[in-house]
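Colleague: Pasting a structure below so you can have a look.
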Amino acid sequence: MRGWGPLTAVCLGTFMLLLDVTIVVVALPDMARALGASLSDLQWVVDGYALALAALLLGAGAAADVLGRRRVHVLGVVLFAAASLLCGLASGPGTLVAARAVQGVGAAAMFATTLPLLGSVYEGRRRSAALGVWGAVSGGAAAVGPVLGGLLAEGPGWRWIFFVNLPVSVASVWLTLRVVPESTGPRGKRVDWAGTAAFAAFAGGTTYAVVRAGEDGWTATATAASFGAAGLALVCFVLVERRAAHPLLDPALLRRPAFVGVLVGALAFNGVAFGVTPYLSIWMQTLLGMSPVRGGLTLLPMTVAATVTAIVVGRRLHGVPARLTIGGGLLLIGAGCLAQAVLGAGSDWSALVPGFVLVGVGTGCVSPTVAGAALAAVEPARHGMAGGAVNTVRQLGYALGVAVFGTVLTSRMADDLPAGTAHTAAGGGAAALEGVVPEHALRAAFAAGLDAALVAAGCTGLAAGLLVLLLVRAPRPAAVTESAGAALTGEGAGRRP
């Protein structure tokens, strides 16, 4: 095999797909102005991608084991590139949301195959080194997303957030076909299509119900019907998984407190740490008058704190029980959200810095250890299933966090603004309300809404942290280096011992 060529090919795709989770955050106000998008449209611009990625990740991994991992990876990159082109050419919010969902489908195919491909190429110390580089690239993508998004939005325009994916995709496909060998999973394995469809219906239905609650109220008929449909899909998923020969997630694992604790922590982590960030970005740009670049740079305190902490945790706290790093990290994230809930009509972004640092430190504790904790909670034969489940609920947690905290934001703003104006303001349409709502009142209402969302996020983080401390009792260390490739992508998902 040609040295580190396969690692470069895989990292190109990984960087691109993870970058697109966060890169749109600082461009949301520009998208709203250009496309006439509402708050719910902006929520779906973020959630459409994260939901498709979460809903199809396990199924894509299982399909790749049967059809060929390199083949599925390349198809994912091609689909991602085509959807990126459609995103950049979108003439309305509906087209943009649909293209973002297709992007998520491609991203699921890419993400589910990245580390299994590395695992098929590298062994021993070279595998450990490759996984370390992959992890650094993954963290870097999330870190530079808001800054790069700001530079592109302020420079050539927000559409270039998506256009830049095209040359990267071409390079990724060419290099993958040239240097990455084909590999498959165990023979005789079947793809659990019914389970994949049921889980996608549950994830999408739940998120849609929360967004509808923000528009129509929690007791509205449409909201209740959506929650009912999501609940029915969850029941179907459990029944299908109990009967499937190769399930995406064996329900027996949910009877293990340690594994359930890790899933709770992973679900809460992405949602609590990052679910309010899109609305903070809208607040800073539309009401504080910050540019997209400056809006992205304000997140640097959180990014730097997370990076430094992750390095320290990886080097110095290797043997610390996962319940302490994950549970304690979630407590710090929850405390950081509460520390940000101090905004008022006259506040500026600097009021968020102490809370950003706390959230960053907590993120640095949780992110490097959560996958290893999932491994420690199950036997080796189910490492792939456990790791894939953790990755799935992390993305689902982000999608739900954006939806839930957006609903809390607008519900609180509605108490202080004229009827029908809360969604316009929260969606970045402050200019449209000039002459309707005094600027001071608008700033006060938005700040109150952000405070309510941050309090909800903080309480969720604290509750999840306590649950992790209670449930995750396994004494084994969190890091399992040699199995990390399978754990992070769900390789072997559905395989029974």
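Starting from 1 in every chain, residues are counted up; chains themselves are A, B, ... following the order of the structure tokens, and ligands are numbered from 1 as listed.
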Residues within 9 Å of Ser120 (chain A), please, as a list in words. Count only C-alpha atoms; anything in the same chain fewer than 5 positions from it doesn't count.
Modeller: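 Skipping anything fewer than 5 positions along the chain leaves Leu115, Pro181, Glu182 and Ser183 of chain A.
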Colleague: From the DSSP assignment of the backbone, select every residue of region 38-264 of chain A that is alpha helix (DSSP H), and format the answer as a PyMOL selection string.
Modeller: chain A and resi 39-67+69-89+93-121+124-154+160-163+165-179+193-216+221-243+257-264
Colleague: List the spatial neighbours of region 235-251 of chain A as number ranges by chain - criterion: any atom at most 8 Å away, only C-alpha atoms, same-chain residues fewer than 3 positions off excluded.
Modeller: A: 58-59, 62, 189-192, 194-196, 198-199, 231-232, 254-255, 385-386, 389, 493-496
Colleague: The selected residues should be written to file as a compact mmCIF listing (two decimals), in the first residue's frame (atoms: N, CA and C atoms).
Modeller:
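Resulting contents of part.txt:
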# COMPACT_ATOMS: atom_id res chain seq x y z
N LEU A 58 -25.84 4.00 10.68
CA LEU A 58 -25.74 2.57 10.94
C LEU A 58 -26.10 1.75 9.70
N GLY A 59 -27.15 2.14 9.02
CA GLY A 59 -27.56 1.41 7.83
C GLY A 59 -26.52 1.50 6.72
N ALA A 62 -23.69 -0.93 7.49
CA ALA A 62 -24.07 -2.31 7.20
C ALA A 62 -24.10 -2.57 5.70
N LYS A 189 -23.74 -11.61 5.69
CA LYS A 189 -24.41 -10.55 6.44
C LYS A 189 -25.49 -9.88 5.59
N ARG A 190 -26.58 -9.49 6.22
CA ARG A 190 -27.67 -8.81 5.53
C ARG A 190 -27.83 -7.39 6.07
N VAL A 191 -28.34 -6.53 5.22
CA VAL A 191 -28.58 -5.15 5.62
C VAL A 191 -29.95 -5.03 6.24
N ASP A 192 -30.04 -4.45 7.39
CA ASP A 192 -31.31 -4.28 8.10
C ASP A 192 -32.02 -3.03 7.58
N ALA A 194 -35.24 -2.55 7.09
CA ALA A 194 -36.45 -2.19 7.86
C ALA A 194 -36.07 -1.40 9.11
N GLY A 195 -35.02 -1.82 9.80
CA GLY A 195 -34.57 -1.09 10.98
C GLY A 195 -34.08 0.30 10.63
N THR A 196 -33.37 0.41 9.50
CA THR A 196 -32.89 1.71 9.06
C THR A 196 -34.05 2.66 8.78
N ALA A 198 -37.17 2.47 9.96
CA ALA A 198 -37.90 2.77 11.19
C ALA A 198 -37.16 3.81 12.03
N PHE A 199 -35.84 3.66 12.13
CA PHE A 199 -35.09 4.63 12.92
C PHE A 199 -35.10 6.01 12.27
N GLY A 231 -43.39 8.18 17.91
CA GLY A 231 -43.45 7.11 18.90
C GLY A 231 -43.76 5.76 18.28
N LEU A 232 -44.66 5.75 17.31
CA LEU A 232 -44.99 4.51 16.61
C LEU A 232 -43.78 3.98 15.85
N LEU A 254 -29.53 -2.43 25.57
CA LEU A 254 -30.19 -1.36 26.32
C LEU A 254 -30.57 -1.79 27.73
N ARG A 255 -30.32 -3.06 28.06
CA ARG A 255 -30.52 -3.51 29.43
C ARG A 255 -29.25 -3.37 30.26
N MET A 385 -21.07 -2.32 16.79
CA MET A 385 -22.45 -1.91 17.04
C MET A 385 -22.51 -0.79 18.07
N ALA A 386 -21.73 -0.92 19.15
CA ALA A 386 -21.74 0.09 20.22
C ALA A 386 -21.18 1.41 19.73
N ALA A 389 -23.59 3.13 17.35
CA ALA A 389 -24.72 3.71 18.08
C ALA A 389 -24.35 5.04 18.72
N ALA A 493 -21.44 -3.64 12.82
CA ALA A 493 -22.74 -3.43 13.43
C ALA A 493 -23.69 -4.50 12.97
N GLY A 494 -24.44 -5.02 13.90
CA GLY A 494 -25.41 -6.04 13.57
C GLY A 494 -24.86 -7.43 13.70
N ARG A 495 -23.56 -7.58 14.01
CA ARG A 495 -22.96 -8.90 14.10
C ARG A 495 -23.21 -9.48 15.48
N ARG A 496 -23.75 -10.64 15.54
CA ARG A 496 -24.00 -11.29 16.82
C ARG A 496 -22.76 -12.06 17.28
Colleague: I'd like the interatomic distance between CA of Arg178 (chain A) and CA of Gly140 (chain A), to a tenth of an Å.
Modeller: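 Straight-line distance from CA of Arg178 (chain A) to CA of Gly140 (chain A) works out to 25.6 Å.
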Colleague: For Leu288 (chain A), find every residue with an atom within 12 Å (counting only C-alpha atoms), except residues of its own chain fewer than 6 positions away, and show them as a list in words.
Modeller: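 Surrounding residues, per the criterion: Leu280, Ser281, Ile282, Arg294, Gly295, Ala345, Gly346, Ser347, Asp348, Trp349, Ser350, Gly428, Ala430, Glu439, His440, Leu442, Arg443, Phe446 and Ala447 of chain A.
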Colleague: Kindly save the residues from that selection, with N, CA, C and O atoms included, as a CSV table (one decimal), in the first residue's frame.
Modeller:
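This is the output file selection-v4.csv:
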chain,number,residue,atom,x,y,z
A,280,LEU,N,-27.1,32.0,18.8
A,280,LEU,CA,-26.1,33.0,19.3
A,280,LEU,C,-25.5,33.7,18.1
A,280,LEU,O,-25.3,34.9,18.1
A,281,SER,N,-25.2,32.9,17.0
A,281,SER,CA,-24.7,33.5,15.8
A,281,SER,C,-25.6,34.5,15.2
A,281,SER,O,-25.3,35.6,14.8
A,282,ILE,N,-26.9,34.2,15.1
A,282,ILE,CA,-27.9,35.1,14.6
A,282,ILE,C,-28.0,36.3,15.5
A,282,ILE,O,-28.1,37.5,14.9
A,294,ARG,N,-16.2,38.0,12.2
A,294,ARG,CA,-16.1,38.2,13.7
A,294,ARG,C,-17.0,37.3,14.5
A,294,ARG,O,-16.6,36.9,15.6
A,295,GLY,N,-18.2,37.0,13.9
A,295,GLY,CA,-19.1,36.1,14.6
A,295,GLY,C,-18.5,34.7,14.8
A,295,GLY,O,-18.6,34.1,15.8
A,345,ALA,N,-30.6,43.4,27.3
A,345,ALA,CA,-30.7,44.3,26.2
A,345,ALA,C,-29.3,44.9,25.8
A,345,ALA,O,-29.1,45.2,24.6
A,346,GLY,N,-28.5,45.2,26.8
A,346,GLY,CA,-27.3,45.9,26.6
A,346,GLY,C,-26.0,45.0,26.5
A,346,GLY,O,-24.9,45.5,26.5
A,347,SER,N,-26.2,43.7,26.5
A,347,SER,CA,-25.1,42.8,26.6
A,347,SER,C,-24.4,42.7,25.2
A,347,SER,O,-25.0,42.9,24.1
A,348,ASP,N,-23.1,42.4,25.2
A,348,ASP,CA,-22.4,42.1,24.0
A,348,ASP,C,-21.8,40.7,24.1
A,348,ASP,O,-22.0,40.0,25.1
A,349,TRP,N,-21.1,40.2,23.1
A,349,TRP,CA,-20.6,38.9,23.0
A,349,TRP,C,-19.6,38.5,24.2
A,349,TRP,O,-19.5,37.3,24.5
A,350,SER,N,-18.9,39.5,24.7
A,350,SER,CA,-18.0,39.2,25.8
A,350,SER,C,-18.6,38.6,27.0
A,350,SER,O,-17.9,37.9,27.8
A,428,GLY,N,-33.4,35.9,12.3
A,428,GLY,CA,-32.5,36.9,11.7
A,428,GLY,C,-33.2,38.0,11.0
A,428,GLY,O,-32.5,38.8,10.3
A,430,ALA,N,-34.4,40.9,12.0
A,430,ALA,CA,-34.6,42.0,12.8
A,430,ALA,C,-34.9,43.3,12.0
A,430,ALA,O,-35.7,44.1,12.4
A,439,GLU,N,-36.1,48.9,18.9
A,439,GLU,CA,-34.8,48.1,18.9
A,439,GLU,C,-34.5,47.6,20.3
A,439,GLU,O,-34.1,46.5,20.5
A,440,HIS,N,-34.7,48.5,21.3
A,440,HIS,CA,-34.4,48.1,22.7
A,440,HIS,C,-35.2,46.9,23.1
A,440,HIS,O,-34.7,45.9,23.7
A,442,LEU,N,-36.6,44.7,21.1
A,442,LEU,CA,-36.2,43.5,20.3
A,442,LEU,C,-35.0,42.9,20.9
A,442,LEU,O,-34.9,41.7,21.1
A,443,ARG,N,-34.0,43.7,21.3
A,443,ARG,CA,-32.8,43.2,21.9
A,443,ARG,C,-33.1,42.5,23.2
A,443,ARG,O,-32.5,41.5,23.5
A,446,PHE,N,-34.9,39.1,22.5
A,446,PHE,CA,-33.9,38.1,22.0
A,446,PHE,C,-33.0,37.6,23.1
A,446,PHE,O,-32.8,36.4,23.2
A,447,ALA,N,-32.5,38.6,23.9
A,447,ALA,CA,-31.7,38.2,25.0
A,447,ALA,C,-32.4,37.3,26.0
A,447,ALA,O,-31.9,36.3,26.5
Colleague: Which one is closest to Ala403 (chain A): A:Trp160, A:Phe15, A:Tyr279, A:Phe111? Count only C-alpha atoms.
Modeller: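 So, comparing all the options, the nearest one is A:Tyr279.
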Colleague: Quick one: everything within 6 Å of region 351-358 of chain A, counting only C-alpha atoms, minus sequence neighbours fewer than 2 positions away in the same chain. Send it as a ChimeraX atom specification.
Modeller: /A:301-302,305,332,336-337,339-340,349,360-361
Colleague: Using only C-alpha atoms, can you tell me which of A:Ala463, A:Ala54, A:Ala200, A:Ala81 comes closest to Val21 (chain A)?
Modeller: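 Checking each candidate against Val21 (chain A), we get A:Ala54 as the closest.
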Colleague: Wanna dump the region 223-290 of chain A-region 316-326 of chain A contacts at 10 Å for me, each residue with its shortest atom pair and the distance in Å to one decimal, counting only C-alpha atoms, ordered by chain and number, as a tab-separated table?
Modeller:
residue	atom	partner	partner_atom	distance
A:Ala258	CA	A:Arg323	CA	8.9
A:Gly261	CA	A:Arg323	CA	8.7
A:Val262	CA	A:Ile326	CA	8.1
A:Gly265	CA	A:Ile326	CA	6.9
A:Ala266	CA	A:Ile326	CA	8.7
A:Phe269	CA	A:Ile326	CA	9.0
Colleague: Taking N, CA and C atoms for each residue, export the selection above as an mmCIF file, in the first residue's frame.
Modeller:
data_model
loop_
_atom_site.group_PDB
_atom_site.id
_atom_site.type_symbol
_atom_site.label_atom_id
_atom_site.label_comp_id
_atom_site.auth_asym_id
_atom_site.auth_seq_id
_atom_site.Cartn_x
_atom_site.Cartn_y
_atom_site.Cartn_z
ATOM 1 N N ALA A 258 -24.514 0.680 32.036
ATOM 2 C CA ALA A 258 -23.337 1.430 31.597
ATOM 3 C C ALA A 258 -23.476 1.877 30.147
ATOM 4 N N GLY A 261 -26.017 4.609 29.896
ATOM 5 C CA GLY A 261 -25.439 5.852 30.386
ATOM 6 C C GLY A 261 -24.574 6.538 29.346
ATOM 7 N N VAL A 262 -23.779 5.758 28.624
ATOM 8 C CA VAL A 262 -22.936 6.329 27.574
ATOM 9 C C VAL A 262 -23.803 6.923 26.465
ATOM 10 N N GLY A 265 -25.218 10.170 27.628
ATOM 11 C CA GLY A 265 -24.189 11.197 27.597
ATOM 12 C C GLY A 265 -23.885 11.668 26.188
ATOM 13 N N ALA A 266 -23.794 10.737 25.238
ATOM 14 C CA ALA A 266 -23.504 11.104 23.850
ATOM 15 C C ALA A 266 -24.643 11.913 23.236
ATOM 16 N N PHE A 269 -24.563 15.390 24.828
ATOM 17 C CA PHE A 269 -23.325 16.136 24.606
ATOM 18 C C PHE A 269 -23.428 17.103 23.432
#
Colleague: With only C-alpha atoms as the counted atoms, please give the residues lying no more than 10 Å from Ala34 (chain A), apart from itself and same-chain residues fewer than 2 positions off, as a ChimeraX atom specification.
Modeller: /A:28-32,36-37,91-93,158
Colleague: Mind giving me the straight-line distance from CA of Gly106 (chain A) to CA of Ala209 (chain A) in Å, one decimal?
Modeller: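 These atoms are spaced 24.7 Å apart.
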Colleague: Which residues come within 7 Å of region 143-145 of chain A, counting only C-alpha atoms, excluding same-chain residues fewer than 5 positions away, as a PyMOL selection string?
Modeller: chain A and resi 19+22-23+303
Colleague: Using only C-alpha atoms, which residue out of A:Gly406, A:Pro257, A:Gly388, A:Gly296 lies closest to Ala142 (chain A)?
Modeller: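 So, comparing all the options, the nearest one is A:Gly296.
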Colleague: So what do you get for CA of Leu175 (chain A) versus CA of Thr14 (chain A), distance-wise?
Modeller: 13.7 Å
Colleague: Which residue is closest to Arg159 (chain A)? Choose from A:Leu467, A:Leu89, A:Ala55, A:Val10 and count only C-alpha atoms.
Modeller: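 Nearest to Arg159 (chain A): A:Leu89.
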